[in-house]
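The structure appears below as C-alpha cells.
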Amino acid sequence: MSDTEFLAERFEQNRDHLRAVAYRMLGSLTDAEDAVQESWIRLSRVDADEIDNLGGWLTTVVGRVCLDMLRSRKTRSEQPLDVRPNDPAGSPDTRIDPEYEAELVDSVGLAMLVVLEKLTPAERLAFVLHDMFAVPFDDIAAMIGRTPDAARQLASRGRRRVQGSDPLTGTPLPQQREIVDAFLTAARGGDFEALVTVLDPDVILRADTGHGPPVLVRGARNVASGAISFRTPGRQSLPVLIDGVVGMAGVEDGRVISVLRPTFADGRIATIDITADPEQAAAVELEFLD
C-alpha cells in the first residue's frame, strides 16, 4: 500500500465524523461535503507523519473551513470545490449513503438548524464543537484567533440563545394557535403590516426544497414580503399540530405539499422551518386543527 493510499484510508475512517461536524456547522449536506473535501485537500498538502492526532487535526481543519464558509456565505459562489482525480472525497464510492444521510439529518433536526442560524459564525463554531463534539476551548480559540476564555464565552452565549429558542416551552398551545391564525389571516389577505407585527423582527425562515442548499430569509419585512408574494391560487394554508406544536400545512388538491414549523418567542413567530418538497411534506405526521 502506497503512502497516499494509507493516508486516504485513515481519512476515510474519519469521514463520517467530519461530515457530522460540518453539517451541524453549515446546515447543508452539500456544503458539508464540500468542507470535507477541502479538509482532504489540505491534508494531502502537509506531512501527515508530523500529525500526532489525525482525528483532532482534521476536526480543527474542517472547523476552520466551515467558519470561513459561514463568514462568506452571502458572497461565496455555489460552484463546487475542485477535487483532484485521486481525491477519495470525489470518488463515487464515497458519496453519502442515503441511510446515513437520513440518520445524520434526524440526529440534528431542522428546528435546531434553524435556531443555529441565529448564532454568529464564531458562536456557532464554539457551541457546536464544544457542546456537541467536546473539542477543548484551547483548540477552538486557535481556530477563531481569540483566547480560550473568549471561546468559552462564545459557546456559553450560543448555548443560552439555543436554549432560549426551545419551541416546546414558553408559549402555551392556545397562544400558539392565536399567533398562527393571525399569520394565516394576514397572509391570505395580503396584509403586509399585520404580517410584520406577528413576526419577530429578527425572524429566520429556512426552506428546504429537497434540491440544493436550503433557502434562508432573515428579518420580519423580508419574510412578510415572501409570504405575500408566494400566495398561489388553489392552494390553502391550514393550521396543524406537528410534534405538539401548532404549525401550518400547504394543501393543494387535497394533498399536503408543504409543512411550516414555527417557533415562538415573546408572542411572535421567531423562526419558520419549511419542508417544501411535496414527498417529504406528505410523510410528516400532523393533525389538522378545526
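Chain identifiers are assigned as A, B, and so on, following the order in which chains appear in the C-alpha cells; residues are numbered from 1 within each chain, and ligands are numbered from 1 in order of appearance.
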From a DSSP calculation on the backbone, collect every residue of stretch 154-241 of chain A in strand (DSSP E) and output the set as a ChimeraX atom specification.
-> /A:199-208,215-218,235-241
Within 12 Å of A:Arg161, counting only C-alpha atoms, which residues show up once you throw out same-chain ones fewer than 3 positions away? Write them as a ChimeraX atom specification, please.
-> /A:112,114-120,123-124,127,154-158,164-166,265,270
With only C-alpha atoms as the counted atoms, please give the residues lying no more than 8 Å from stretch 240-255 of chain A, apart from itself and same-chain residues fewer than 4 positions off, as a PDB file with N, CA, C and O atoms, in the first residue's frame.
ATOM      1  N   PRO A 167     -38.705  25.503  21.015  1.00  0.00           N
ATOM      2  CA  PRO A 167     -40.070  25.697  20.557  1.00  0.00           C
ATOM      3  C   PRO A 167     -41.107  25.011  21.425  1.00  0.00           C
ATOM      4  O   PRO A 167     -42.294  25.251  21.264  1.00  0.00           O
ATOM      5  N   LEU A 168     -40.693  24.123  22.342  1.00  0.00           N
ATOM      6  CA  LEU A 168     -41.668  23.361  23.109  1.00  0.00           C
ATOM      7  C   LEU A 168     -41.955  23.985  24.468  1.00  0.00           C
ATOM      8  O   LEU A 168     -42.687  23.425  25.265  1.00  0.00           O
ATOM      9  N   LEU A 173     -50.165  26.274  24.008  1.00  0.00           N
ATOM     10  CA  LEU A 173     -50.786  25.931  22.729  1.00  0.00           C
ATOM     11  C   LEU A 173     -51.873  26.922  22.299  1.00  0.00           C
ATOM     12  O   LEU A 173     -51.918  27.299  21.117  1.00  0.00           O
ATOM     13  N   GLN A 176     -50.090  29.792  20.833  1.00  0.00           N
ATOM     14  CA  GLN A 176     -49.502  29.406  19.551  1.00  0.00           C
ATOM     15  C   GLN A 176     -50.564  29.453  18.454  1.00  0.00           C
ATOM     16  O   GLN A 176     -50.305  29.953  17.349  1.00  0.00           O
ATOM     17  N   ARG A 177     -51.756  28.920  18.763  1.00  0.00           N
ATOM     18  CA  ARG A 177     -52.839  28.905  17.768  1.00  0.00           C
ATOM     19  C   ARG A 177     -53.241  30.326  17.382  1.00  0.00           C
ATOM     20  O   ARG A 177     -53.462  30.629  16.193  1.00  0.00           O
ATOM     21  N   VAL A 180     -50.508  31.741  15.049  1.00  0.00           N
ATOM     22  CA  VAL A 180     -50.567  31.122  13.720  1.00  0.00           C
ATOM     23  C   VAL A 180     -51.795  31.607  12.957  1.00  0.00           C
ATOM     24  O   VAL A 180     -51.718  31.910  11.758  1.00  0.00           O
ATOM     25  N   GLY A 234     -55.689  28.342  -5.499  1.00  0.00           N
ATOM     26  CA  GLY A 234     -55.970  26.920  -5.385  1.00  0.00           C
ATOM     27  C   GLY A 234     -55.204  26.231  -4.271  1.00  0.00           C
ATOM     28  O   GLY A 234     -55.411  25.043  -4.012  1.00  0.00           O
ATOM     29  N   ARG A 235     -54.311  26.948  -3.606  1.00  0.00           N
ATOM     30  CA  ARG A 235     -53.527  26.363  -2.505  1.00  0.00           C
ATOM     31  C   ARG A 235     -53.986  26.965  -1.188  1.00  0.00           C
ATOM     32  O   ARG A 235     -54.103  28.172  -1.061  1.00  0.00           O
ATOM     33  N   GLN A 236     -54.257  26.106  -0.217  1.00  0.00           N
ATOM     34  CA  GLN A 236     -54.677  26.547   1.104  1.00  0.00           C
ATOM     35  C   GLN A 236     -53.542  26.391   2.101  1.00  0.00           C
ATOM     36  O   GLN A 236     -52.739  25.468   2.004  1.00  0.00           O
ATOM     37  N   VAL A 259     -44.933  21.909   4.621  1.00  0.00           N
ATOM     38  CA  VAL A 259     -45.194  21.974   6.053  1.00  0.00           C
ATOM     39  C   VAL A 259     -44.333  23.074   6.650  1.00  0.00           C
ATOM     40  O   VAL A 259     -43.137  23.167   6.353  1.00  0.00           O
ATOM     41  N   LEU A 260     -44.932  23.925   7.482  1.00  0.00           N
ATOM     42  CA  LEU A 260     -44.231  25.031   8.121  1.00  0.00           C
ATOM     43  C   LEU A 260     -44.249  24.817   9.627  1.00  0.00           C
ATOM     44  O   LEU A 260     -45.319  24.748  10.238  1.00  0.00           O
ATOM     45  N   ARG A 261     -43.055  24.698  10.207  1.00  0.00           N
ATOM     46  CA  ARG A 261     -42.927  24.531  11.656  1.00  0.00           C
ATOM     47  C   ARG A 261     -42.383  25.831  12.250  1.00  0.00           C
ATOM     48  O   ARG A 261     -41.220  26.158  12.045  1.00  0.00           O
ATOM     49  N   PRO A 262     -43.179  26.578  12.998  1.00  0.00           N
ATOM     50  CA  PRO A 262     -42.669  27.804  13.623  1.00  0.00           C
ATOM     51  C   PRO A 262     -42.167  27.541  15.038  1.00  0.00           C
ATOM     52  O   PRO A 262     -42.490  26.520  15.653  1.00  0.00           O
ATOM     53  N   ALA A 282     -45.489  15.252   2.599  1.00  0.00           N
ATOM     54  CA  ALA A 282     -46.576  14.278   2.717  1.00  0.00           C
ATOM     55  C   ALA A 282     -46.280  13.219   3.776  1.00  0.00           C
ATOM     56  O   ALA A 282     -47.192  12.597   4.324  1.00  0.00           O
ATOM     57  N   GLU A 285     -45.987  13.539   9.974  1.00  0.00           N
ATOM     58  CA  GLU A 285     -47.173  13.229  10.773  1.00  0.00           C
ATOM     59  C   GLU A 285     -47.727  14.521  11.364  1.00  0.00           C
ATOM     60  O   GLU A 285     -47.024  15.217  12.094  1.00  0.00           O
ATOM     61  N   LEU A 286     -48.954  14.830  11.026  1.00  0.00           N
ATOM     62  CA  LEU A 286     -49.580  16.063  11.532  1.00  0.00           C
ATOM     63  C   LEU A 286     -51.075  15.844  11.732  1.00  0.00           C
ATOM     64  O   LEU A 286     -51.657  14.884  11.236  1.00  0.00           O
ATOM     65  N   GLU A 287     -51.663  16.757  12.463  1.00  0.00           N
ATOM     66  CA  GLU A 287     -53.102  16.704  12.746  1.00  0.00           C
ATOM     67  C   GLU A 287     -53.705  18.059  12.381  1.00  0.00           C
ATOM     68  O   GLU A 287     -53.283  19.092  12.894  1.00  0.00           O
ATOM     69  N   PHE A 288     -54.687  18.043  11.493  1.00  0.00           N
ATOM     70  CA  PHE A 288     -55.345  19.291  11.111  1.00  0.00           C
ATOM     71  C   PHE A 288     -56.202  19.790  12.265  1.00  0.00           C
ATOM     72  O   PHE A 288     -56.895  19.017  12.936  1.00  0.00           O
ATOM     73  N   LEU A 289     -56.173  21.106  12.490  1.00  0.00           N
ATOM     74  CA  LEU A 289     -56.944  21.721  13.547  1.00  0.00           C
ATOM     75  C   LEU A 289     -58.196  22.366  12.975  1.00  0.00           C
ATOM     76  O   LEU A 289     -58.195  22.858  11.838  1.00  0.00           O
TER      77      LEU A 289
END
Excluding A:Gln13 and residues on its chain fewer than 5 positions from it, collect all residues at most 12 Å away from it, counting only C-alpha atoms, and give them as a ChimeraX atom specification.
-> /A:6-8,18-19,54-55,58,88,94
Please provide the set of residues having any atom within 7 Å of stretch 60-63 of chain A, restricted to only C-alpha atoms, with same-chain residues fewer than 5 positions apart removed, written as a list in words.
-> Leu18, Ala22, Ala35, Val36 and Ser39 of chain A
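Every protein, DNA or RNA residue with an atom at most 7 Å from stretch 24-33 of chain A, where only C-alpha atoms count and chain neighbours fewer than 6 positions away do not, is listed here: A:Cys66, A:Leu70, A:Leu113, A:Arg124, A:Leu125, A:Val128, A:Pro213, A:Pro214.
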Enumerate, as JSON, numbers by chain, the complete set of residues in stretch 159-267 of chain A that a backbone-based DSSP assignment places in alpha helix (DSSP H).
-> {"A": [159, 160, 161, 162, 163, 173, 174, 175, 176, 177, 178, 179, 180, 181, 182, 183, 184, 185, 186, 187, 188, 189, 192, 193, 194, 195, 196, 197, 198, 220, 221, 222, 223, 224, 225, 226, 227, 228, 229]}
When distances are computed from only C-alpha atoms, which of A:Ala122, A:Ala151, A:Leu205, A:Ile269 shows the smallest separation from A:Thr171?
-> A:Ile269
Name all residues at most 8 Å from A:Val196 (count only C-alpha atoms; drop same-chain ones fewer than 6 positions away) and give them as a compact mmCIF listing (two decimals) with N, CA and C atoms, in the first residue's frame.
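selection.txt, written as the output of this step:
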# COMPACT_ATOMS: atom_id res chain seq x y z
N ALA A 220 -38.22 40.36 9.62
CA ALA A 220 -39.67 40.31 9.53
C ALA A 220 -40.20 40.83 8.19
N ARG A 221 -39.65 41.92 7.70
CA ARG A 221 -40.18 42.51 6.48
C ARG A 221 -39.86 41.63 5.25
N ALA A 224 -42.22 38.59 5.55
CA ALA A 224 -43.59 39.01 5.22
C ALA A 224 -43.76 39.20 3.72
